[in-house]
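As stored in work_20.pdb (PDB, C-alpha atoms):
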MODEL        1
ATOM      1  CA  TRP A   9       0.000   0.000   0.000  1.00  0.00           C
ATOM      2  CA  SER A  10       1.770   3.086  -1.225  1.00  0.00           C
ATOM      3  CA  GLU A  11      -0.647   5.726   0.071  1.00  0.00           C
ATOM      4  CA  LEU A  12      -0.955   7.125   3.577  1.00  0.00           C
ATOM      5  CA  PHE A  13      -3.134   5.290   6.079  1.00  0.00           C
ATOM      6  CA  ILE A  14      -6.403   7.191   6.439  1.00  0.00           C
ATOM      7  CA  ASP A  15      -7.342   7.698  10.070  1.00  0.00           C
ATOM      8  CA  LYS A  16     -10.804   9.192   9.589  1.00  0.00           C
ATOM      9  CA  PRO A  17     -13.910   7.897   7.812  1.00  0.00           C
ATOM     10  CA  HIS A  18     -14.430   8.476   4.120  1.00  0.00           C
ATOM     11  CA  ASP A  19     -17.685  10.299   3.423  1.00  0.00           C
ATOM     12  CA  TYR A  20     -19.178   7.237   1.724  1.00  0.00           C
ATOM     13  CA  TYR A  21     -18.782   5.175   4.906  1.00  0.00           C
ATOM     14  CA  TYR A  22     -21.747   7.075   6.346  1.00  0.00           C
ATOM     15  CA  PHE A  23     -23.746   6.162   3.259  1.00  0.00           C
ATOM     16  CA  LEU A  24     -22.865   2.473   3.650  1.00  0.00           C
ATOM     17  CA  ALA A  25     -23.960   2.457   7.288  1.00  0.00           C
ATOM     18  CA  GLY A  26     -27.155   4.274   6.366  1.00  0.00           C
ATOM     19  CA  ILE A  27     -28.110   2.035   3.459  1.00  0.00           C
ATOM     20  CA  VAL A  28     -27.543  -1.076   5.583  1.00  0.00           C
ATOM     21  CA  ALA A  29     -29.822   0.356   8.270  1.00  0.00           C
ATOM     22  CA  LYS A  30     -32.452   1.620   5.816  1.00  0.00           C
ATOM     23  CA  LEU A  31     -32.622  -1.694   3.937  1.00  0.00           C
ATOM     24  CA  LYS A  32     -32.681  -3.580   7.249  1.00  0.00           C
ATOM     25  CA  CYS A  33     -29.793  -5.775   6.174  1.00  0.00           C
ATOM     26  CA  ARG A  34     -28.731  -8.669   8.388  1.00  0.00           C
ATOM     27  CA  ARG A  35     -26.559 -10.726   6.052  1.00  0.00           C
ATOM     28  CA  ILE A  36     -23.694  -8.905   4.309  1.00  0.00           C
ATOM     29  CA  LEU A  37     -20.737 -10.090   2.258  1.00  0.00           C
ATOM     30  CA  GLU A  38     -17.864  -7.804   1.328  1.00  0.00           C
ATOM     31  CA  LEU A  39     -15.234  -8.743  -1.247  1.00  0.00           C
ATOM     32  CA  GLY A  40     -12.122  -6.618  -0.743  1.00  0.00           C
ATOM     33  CA  THR A  41     -11.541  -5.664   2.881  1.00  0.00           C
ATOM     34  CA  HIS A  42      -8.322  -3.676   2.691  1.00  0.00           C
ATOM     35  CA  PHE A  43      -8.192  -2.079   6.168  1.00  0.00           C
ATOM     36  CA  GLY A  44     -11.870  -2.693   6.985  1.00  0.00           C
ATOM     37  CA  GLY A  45     -13.347   0.795   6.792  1.00  0.00           C
ATOM     38  CA  SER A  46     -16.289  -0.196   4.617  1.00  0.00           C
ATOM     39  CA  ILE A  47     -17.151  -3.404   6.453  1.00  0.00           C
ATOM     40  CA  PHE A  48     -16.935  -1.743   9.867  1.00  0.00           C
ATOM     41  CA  SER A  49     -19.172   1.059   8.560  1.00  0.00           C
ATOM     42  CA  MET A  50     -21.712  -1.485   7.370  1.00  0.00           C
ATOM     43  CA  ALA A  51     -21.456  -3.270  10.726  1.00  0.00           C
ATOM     44  CA  LYS A  52     -22.264   0.055  12.393  1.00  0.00           C
ATOM     45  CA  GLY A  53     -25.434   0.190  10.303  1.00  0.00           C
ATOM     46  CA  LEU A  54     -26.465  -3.152  11.808  1.00  0.00           C
ATOM     47  CA  GLU A  55     -27.019  -1.696  15.258  1.00  0.00           C
ATOM     48  CA  HIS A  56     -30.785  -2.067  14.689  1.00  0.00           C
ATOM     49  CA  VAL A  57     -30.405  -5.866  14.621  1.00  0.00           C
ATOM     50  CA  LYS A  58     -29.630  -8.221  17.504  1.00  0.00           C
ATOM     51  CA  GLN A  59     -26.049  -9.388  17.178  1.00  0.00           C
ATOM     52  CA  SER A  60     -27.208 -13.032  17.210  1.00  0.00           C
ATOM     53  CA  GLN A  61     -29.171 -12.364  13.983  1.00  0.00           C
ATOM     54  CA  VAL A  62     -26.246 -10.843  12.078  1.00  0.00           C
ATOM     55  CA  GLU A  63     -24.116 -12.641   9.514  1.00  0.00           C
ATOM     56  CA  ILE A  64     -21.379 -10.411   8.145  1.00  0.00           C
ATOM     57  CA  VAL A  65     -18.378 -11.726   6.221  1.00  0.00           C
ATOM     58  CA  THR A  66     -15.455 -10.062   4.493  1.00  0.00           C
ATOM     59  CA  VAL A  67     -12.594 -11.477   2.446  1.00  0.00           C
ATOM     60  CA  ASP A  68      -9.263 -10.055   1.303  1.00  0.00           C
ATOM     61  CA  ILE A  69      -5.904 -11.387   0.218  1.00  0.00           C
ATOM     62  CA  ARG A  70      -4.027  -9.249   2.756  1.00  0.00           C
ATOM     63  CA  ASP A  71      -4.052  -9.366   6.538  1.00  0.00           C
ATOM     64  CA  ASN A  72      -4.374  -5.655   7.289  1.00  0.00           C
ATOM     65  CA  ASN A  73      -5.637  -4.124  10.521  1.00  0.00           C
ATOM     66  CA  THR A  74      -5.639  -7.387  12.499  1.00  0.00           C
ATOM     67  CA  GLU A  75      -6.301  -5.660  15.812  1.00  0.00           C
ATOM     68  CA  ALA A  76      -9.550  -4.101  14.582  1.00  0.00           C
ATOM     69  CA  PHE A  77     -10.861  -7.488  13.463  1.00  0.00           C
ATOM     70  CA  GLU A  78      -9.870  -9.092  16.749  1.00  0.00           C
ATOM     71  CA  ASN A  79     -11.803  -6.370  18.606  1.00  0.00           C
ATOM     72  CA  ASN A  80     -14.891  -6.524  16.379  1.00  0.00           C
ATOM     73  CA  LYS A  81     -16.209 -10.076  16.602  1.00  0.00           C
ATOM     74  CA  ILE A  82     -19.364  -9.298  14.601  1.00  0.00           C
ATOM     75  CA  VAL A  83     -17.336  -9.535  11.360  1.00  0.00           C
ATOM     76  CA  THR A  84     -16.040 -12.881  10.109  1.00  0.00           C
ATOM     77  CA  ARG A  85     -12.922 -12.393   8.005  1.00  0.00           C
ATOM     78  CA  PHE A  86     -11.403 -14.804   5.527  1.00  0.00           C
ATOM     79  CA  LEU A  87      -7.959 -14.301   4.081  1.00  0.00           C
ATOM     80  CA  GLY A  88      -7.461 -15.380   0.488  1.00  0.00           C
ATOM     81  CA  ASN A  89      -8.582 -14.778  -3.073  1.00  0.00           C
ATOM     82  CA  CYS A  90     -12.359 -14.359  -3.159  1.00  0.00           C
ATOM     83  CA  LEU A  91     -12.475 -16.428  -6.360  1.00  0.00           C
ATOM     84  CA  SER A  92     -10.470 -19.392  -5.074  1.00  0.00           C
ATOM     85  CA  PRO A  93     -12.545 -22.558  -4.607  1.00  0.00           C
ATOM     86  CA  GLY A  94     -11.658 -22.821  -0.906  1.00  0.00           C
ATOM     87  CA  ILE A  95     -12.773 -19.271  -0.101  1.00  0.00           C
ATOM     88  CA  ILE A  96     -15.939 -19.639  -2.198  1.00  0.00           C
ATOM     89  CA  GLN A  97     -16.793 -22.782  -0.247  1.00  0.00           C
ATOM     90  CA  LYS A  98     -16.152 -21.093   3.123  1.00  0.00           C
ATOM     91  CA  ILE A  99     -18.337 -18.154   2.169  1.00  0.00           C
ATOM     92  CA  GLY A 100     -21.088 -20.450   0.940  1.00  0.00           C
ATOM     93  CA  HIS A 101     -21.155 -22.147   4.356  1.00  0.00           C
ATOM     94  CA  SER A 102     -21.078 -18.847   6.273  1.00  0.00           C
ATOM     95  CA  PHE A 103     -24.641 -17.785   5.598  1.00  0.00           C
ATOM     96  CA  SER A 104     -27.877 -19.395   6.720  1.00  0.00           C
ATOM     97  CA  GLY A 105     -29.728 -18.183   3.628  1.00  0.00           C
ATOM     98  CA  ALA A 106     -29.753 -15.585   0.884  1.00  0.00           C
ATOM     99  CA  ILE A 107     -27.880 -12.421   1.775  1.00  0.00           C
ATOM    100  CA  ASP A 108     -29.121  -8.863   1.792  1.00  0.00           C
ATOM    101  CA  LEU A 109     -26.062  -7.069   0.446  1.00  0.00           C
ATOM    102  CA  LEU A 110     -22.980  -7.995  -1.555  1.00  0.00           C
ATOM    103  CA  TYR A 111     -20.393  -5.212  -1.574  1.00  0.00           C
ATOM    104  CA  ILE A 112     -17.649  -5.625  -4.195  1.00  0.00           C
ATOM    105  CA  ASP A 113     -14.499  -3.579  -3.698  1.00  0.00           C
ATOM    106  CA  SER A 114     -11.692  -5.918  -4.646  1.00  0.00           C
ATOM    107  CA  HIS A 115      -9.552  -6.049  -7.797  1.00  0.00           C
ATOM    108  CA  HIS A 116     -10.944  -3.179  -9.891  1.00  0.00           C
ATOM    109  CA  TYR A 117     -10.867  -4.697 -13.363  1.00  0.00           C
ATOM    110  CA  TYR A 118     -13.517  -6.132 -15.625  1.00  0.00           C
ATOM    111  CA  ASN A 119     -12.615  -9.839 -15.563  1.00  0.00           C
ATOM    112  CA  HIS A 120     -12.227 -10.127 -11.807  1.00  0.00           C
ATOM    113  CA  THR A 121     -15.259  -8.041 -10.896  1.00  0.00           C
ATOM    114  CA  ARG A 122     -17.437  -9.739 -13.522  1.00  0.00           C
ATOM    115  CA  LYS A 123     -16.502 -13.158 -12.102  1.00  0.00           C
ATOM    116  CA  CYS A 124     -17.306 -11.914  -8.590  1.00  0.00           C
ATOM    117  CA  VAL A 125     -20.755 -10.756  -9.694  1.00  0.00           C
ATOM    118  CA  ASP A 126     -21.482 -14.017 -11.517  1.00  0.00           C
ATOM    119  CA  VAL A 127     -20.144 -16.394  -8.836  1.00  0.00           C
ATOM    120  CA  TYR A 128     -21.651 -14.685  -5.819  1.00  0.00           C
ATOM    121  CA  LEU A 129     -24.984 -13.866  -7.441  1.00  0.00           C
ATOM    122  CA  LYS A 130     -25.508 -17.620  -7.773  1.00  0.00           C
ATOM    123  CA  LEU A 131     -23.854 -18.609  -4.495  1.00  0.00           C
ATOM    124  CA  VAL A 132     -25.494 -16.248  -1.990  1.00  0.00           C
ATOM    125  CA  SER A 133     -28.442 -14.730  -3.940  1.00  0.00           C
ATOM    126  CA  PRO A 134     -28.043 -11.127  -2.749  1.00  0.00           C
ATOM    127  CA  ARG A 135     -30.995  -8.744  -2.774  1.00  0.00           C
ATOM    128  CA  TYR A 136     -28.595  -5.925  -3.603  1.00  0.00           C
ATOM    129  CA  ILE A 137     -25.075  -5.610  -4.965  1.00  0.00           C
ATOM    130  CA  ILE A 138     -23.005  -2.462  -4.565  1.00  0.00           C
ATOM    131  CA  ILE A 139     -19.965  -2.233  -6.819  1.00  0.00           C
ATOM    132  CA  ASP A 140     -17.335   0.307  -5.859  1.00  0.00           C
ATOM    133  CA  ASP A 141     -15.177   2.144  -8.393  1.00  0.00           C
ATOM    134  CA  ILE A 142     -17.424   1.715 -11.457  1.00  0.00           C
ATOM    135  CA  TYR A 143     -15.684   4.677 -13.159  1.00  0.00           C
ATOM    136  CA  LEU A 144     -12.145   4.086 -11.895  1.00  0.00           C
ATOM    137  CA  ASN A 145     -10.779   2.904 -15.252  1.00  0.00           C
ATOM    138  CA  ASP A 146     -11.906   1.870 -18.738  1.00  0.00           C
ATOM    139  CA  SER A 147     -12.268  -1.737 -17.665  1.00  0.00           C
ATOM    140  CA  MET A 148     -14.674  -0.906 -14.833  1.00  0.00           C
ATOM    141  CA  ARG A 149     -16.630   1.528 -17.023  1.00  0.00           C
ATOM    142  CA  GLN A 150     -17.037  -1.300 -19.557  1.00  0.00           C
ATOM    143  CA  LEU A 151     -18.333  -3.612 -16.834  1.00  0.00           C
ATOM    144  CA  TRP A 152     -20.777  -1.030 -15.499  1.00  0.00           C
ATOM    145  CA  ASN A 153     -22.130  -0.334 -18.994  1.00  0.00           C
ATOM    146  CA  GLU A 154     -22.584  -4.055 -19.539  1.00  0.00           C
ATOM    147  CA  LEU A 155     -24.376  -4.483 -16.205  1.00  0.00           C
ATOM    148  CA  LYS A 156     -26.667  -1.547 -17.026  1.00  0.00           C
ATOM    149  CA  ASN A 157     -27.590  -3.208 -20.321  1.00  0.00           C
ATOM    150  CA  GLU A 158     -28.251  -6.537 -18.595  1.00  0.00           C
ATOM    151  CA  HIS A 159     -30.153  -5.217 -15.577  1.00  0.00           C
ATOM    152  CA  GLY A 160     -31.905  -2.191 -17.070  1.00  0.00           C
ATOM    153  CA  ASP A 161     -33.619  -0.056 -14.429  1.00  0.00           C
ATOM    154  CA  ASN A 162     -32.263  -2.382 -11.715  1.00  0.00           C
ATOM    155  CA  ALA A 163     -28.740  -1.030 -12.315  1.00  0.00           C
ATOM    156  CA  ILE A 164     -28.559   2.349 -10.627  1.00  0.00           C
ATOM    157  CA  ASP A 165     -25.662   4.780 -10.499  1.00  0.00           C
ATOM    158  CA  ILE A 166     -25.744   5.901  -6.868  1.00  0.00           C
ATOM    159  CA  THR A 167     -22.511   7.897  -6.995  1.00  0.00           C
ATOM    160  CA  GLY A 168     -24.184  11.205  -6.173  1.00  0.00           C
ATOM    161  CA  TYR A 169     -26.198   9.786  -3.292  1.00  0.00           C
ATOM    162  CA  SER A 170     -23.350   7.795  -1.800  1.00  0.00           C
ATOM    163  CA  ARG A 171     -20.911  10.664  -1.262  1.00  0.00           C
ATOM    164  CA  ARG A 172     -18.511   8.735  -3.517  1.00  0.00           C
ATOM    165  CA  GLU A 173     -16.238  10.719  -5.801  1.00  0.00           C
ATOM    166  CA  GLU A 174     -17.554  10.985  -9.366  1.00  0.00           C
ATOM    167  CA  ASN A 175     -14.288   9.776 -10.881  1.00  0.00           C
ATOM    168  CA  VAL A 176     -14.594   6.426  -9.072  1.00  0.00           C
ATOM    169  CA  GLY A 177     -18.345   5.917  -8.648  1.00  0.00           C
ATOM    170  CA  PHE A 178     -20.757   3.538  -6.942  1.00  0.00           C
ATOM    171  CA  GLY A 179     -23.182   1.223  -8.727  1.00  0.00           C
ATOM    172  CA  LEU A 180     -26.196  -0.551  -7.207  1.00  0.00           C
ATOM    173  CA  LEU A 181     -27.796  -3.662  -8.669  1.00  0.00           C
ATOM    174  CA  VAL A 182     -31.242  -4.582  -7.397  1.00  0.00           C
ATOM    175  CA  CYS A 183     -31.357  -8.353  -7.712  1.00  0.00           C
ATOM    176  CA  ASN A 184     -34.813  -9.239  -6.316  1.00  0.00           C
TER     177      ASN A 184
ENDMDL
END
Mind turning the file's structure into structure tokens?
Amino acid sequence: WSELFIDKPHDYYYFLAGIVAKLKCRRILELGTHFGGSIFSMAKGLEHVKQSQVEIVTVDIRDNNTEAFENNKIVTRFLGNCLSPGIIQKIGHSFSGAIDLLYIDSHHYYNHTRKCVDVYLKLVSPRYIIIDDIYLNDSMRQLWNELKNEHGDNAIDITGYSRREENVGFGLLVCN
């Protein structure tokens, strides 16, 4: 990680907590933990739910911010590639049913993100998918355009609502 560690919340973290609370999410999967800011924000939005009813999982290839995960037992963390068979199997066994929200913020390129959407849409049947960085590069713009064509009105650019920078973007898929 070549950039400075950020010691305050990004503006979009408030949005993530709010959307989790508003949608009354209980089961959340995040692909791409990094230091955990997004997943801990979403966990904060779960305060309306009894902890025994919450299933929240995150996966990343790096072991960053270990202390925060040790202190926040509500989040189950897996280390590894989210598309490896072993991790896919672990995630599949982590939820008692369909999930409410899949948040994708891992490798920001078409092939990887497309595979994540396809694999996890089938595996955990999310009601909603939020994809971070839909405008970050040409590859992600291509993916977002493709998803808009496939999902029509159920693919919503929520960049302006999410407090996410316009040059990176946030996309929401409503998956029923």
Note to self: Quick check, in Å to one decimal: how far apart do CA of Tyr118 in chain A and CA of Tyr143 in chain A lie?
What the structure shows: 11.3 Å
Next item on the list: Give me the residues within 12 Å of Asp19 in chain A as a PyMOL selection string, counting all atoms listed in the file and dropping any in the same chain fewer than 6 places off.
Entry: chain A and resi 25-26+45-46+49+167-173
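What separates CA of Asn72 in chain A from CA of Ala51 in chain A is a distance of 17.6 Å.
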Checklist line | Hits of the PyMOL selection byres ((chain A and resi 179) around 9) in this structure, as JSON, numbers by chain | finding: {"A": [137, 138, 139, 140, 141, 142, 152, 163, 164, 165, 166, 167, 177, 178, 180, 181]}
Note to self: Set the distance at 12 Å and use only C-alpha atoms: which residues neighbour Leu54 in chain A once local chain neighbours fewer than 3 positions away are removed? I'd like the list as a ChimeraX atom specification.
What the structure shows: /A:24-36,47-51,57-64,82-83,108
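One distance worth recording is that between CA of Cys90 in chain A and CA of Asp68 in chain A, which is 6.9 Å.
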Next item on the list: Rank A:Gly44, A:Ser92, A:Ala76, A:Asn145 by their smallest atom-to-atom distance to Tyr21 in chain A, using only C-alpha atoms, and report the top residue only.
Entry: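 Using only C-alpha atoms, Tyr21 in chain A sits closest to A:Gly44.
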Next item on the list: Tell me which residues the PyMOL selection byres ((chain A and resi 91) around 9) grabs here, as a PyMOL selection string.
Entry: chain A and resi 88-90+92-96+120+123-124+127
Next item on the list: For Asn119 in chain A, please output as number ranges by chain all residues within 10 Å (counting all atoms listed in the file; exclusion window: fewer than 3 positions along the same chain).
Entry: A: 115-116, 122-124, 147-148, 151
Around range 88-95 of chain A, with edges along x, y and z and 3 Å added on all six sides, what centre and edge lengths do you get, in Å to one decimal, as lines of an AutoDock Vina configuration file?
center_x = -10.1
center_y = -18.6
center_z = -2.9
size_x = 11.3
size_y = 14.5
size_z = 12.8
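When all atoms listed in the file are used to measure the gap to Ala106 in chain A, the shortest distance among A:Asn184, A:Thr41, A:Ser133, A:Thr84 belongs to A:Ser133.
Between Gln97 in chain A and the residues A:Tyr117, A:Tyr22, A:Tyr128, A:Tyr136, the shortest atom-to-atom distance, using all atoms listed in the file, involves A:Tyr128.
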Check: For Asp126 in chain A, which residue among A:Gln150, A:Lys98, A:Ser104, A:Ile112 is the nearest when counting all atoms listed in the file?
Finding: A:Ile112
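Distance annotation: of A:Phe23, A:Cys183, A:Pro134, A:Phe86, the residue with the minimal separation from Glu158 in chain A is A:Cys183; atom set is only C-alpha atoms.
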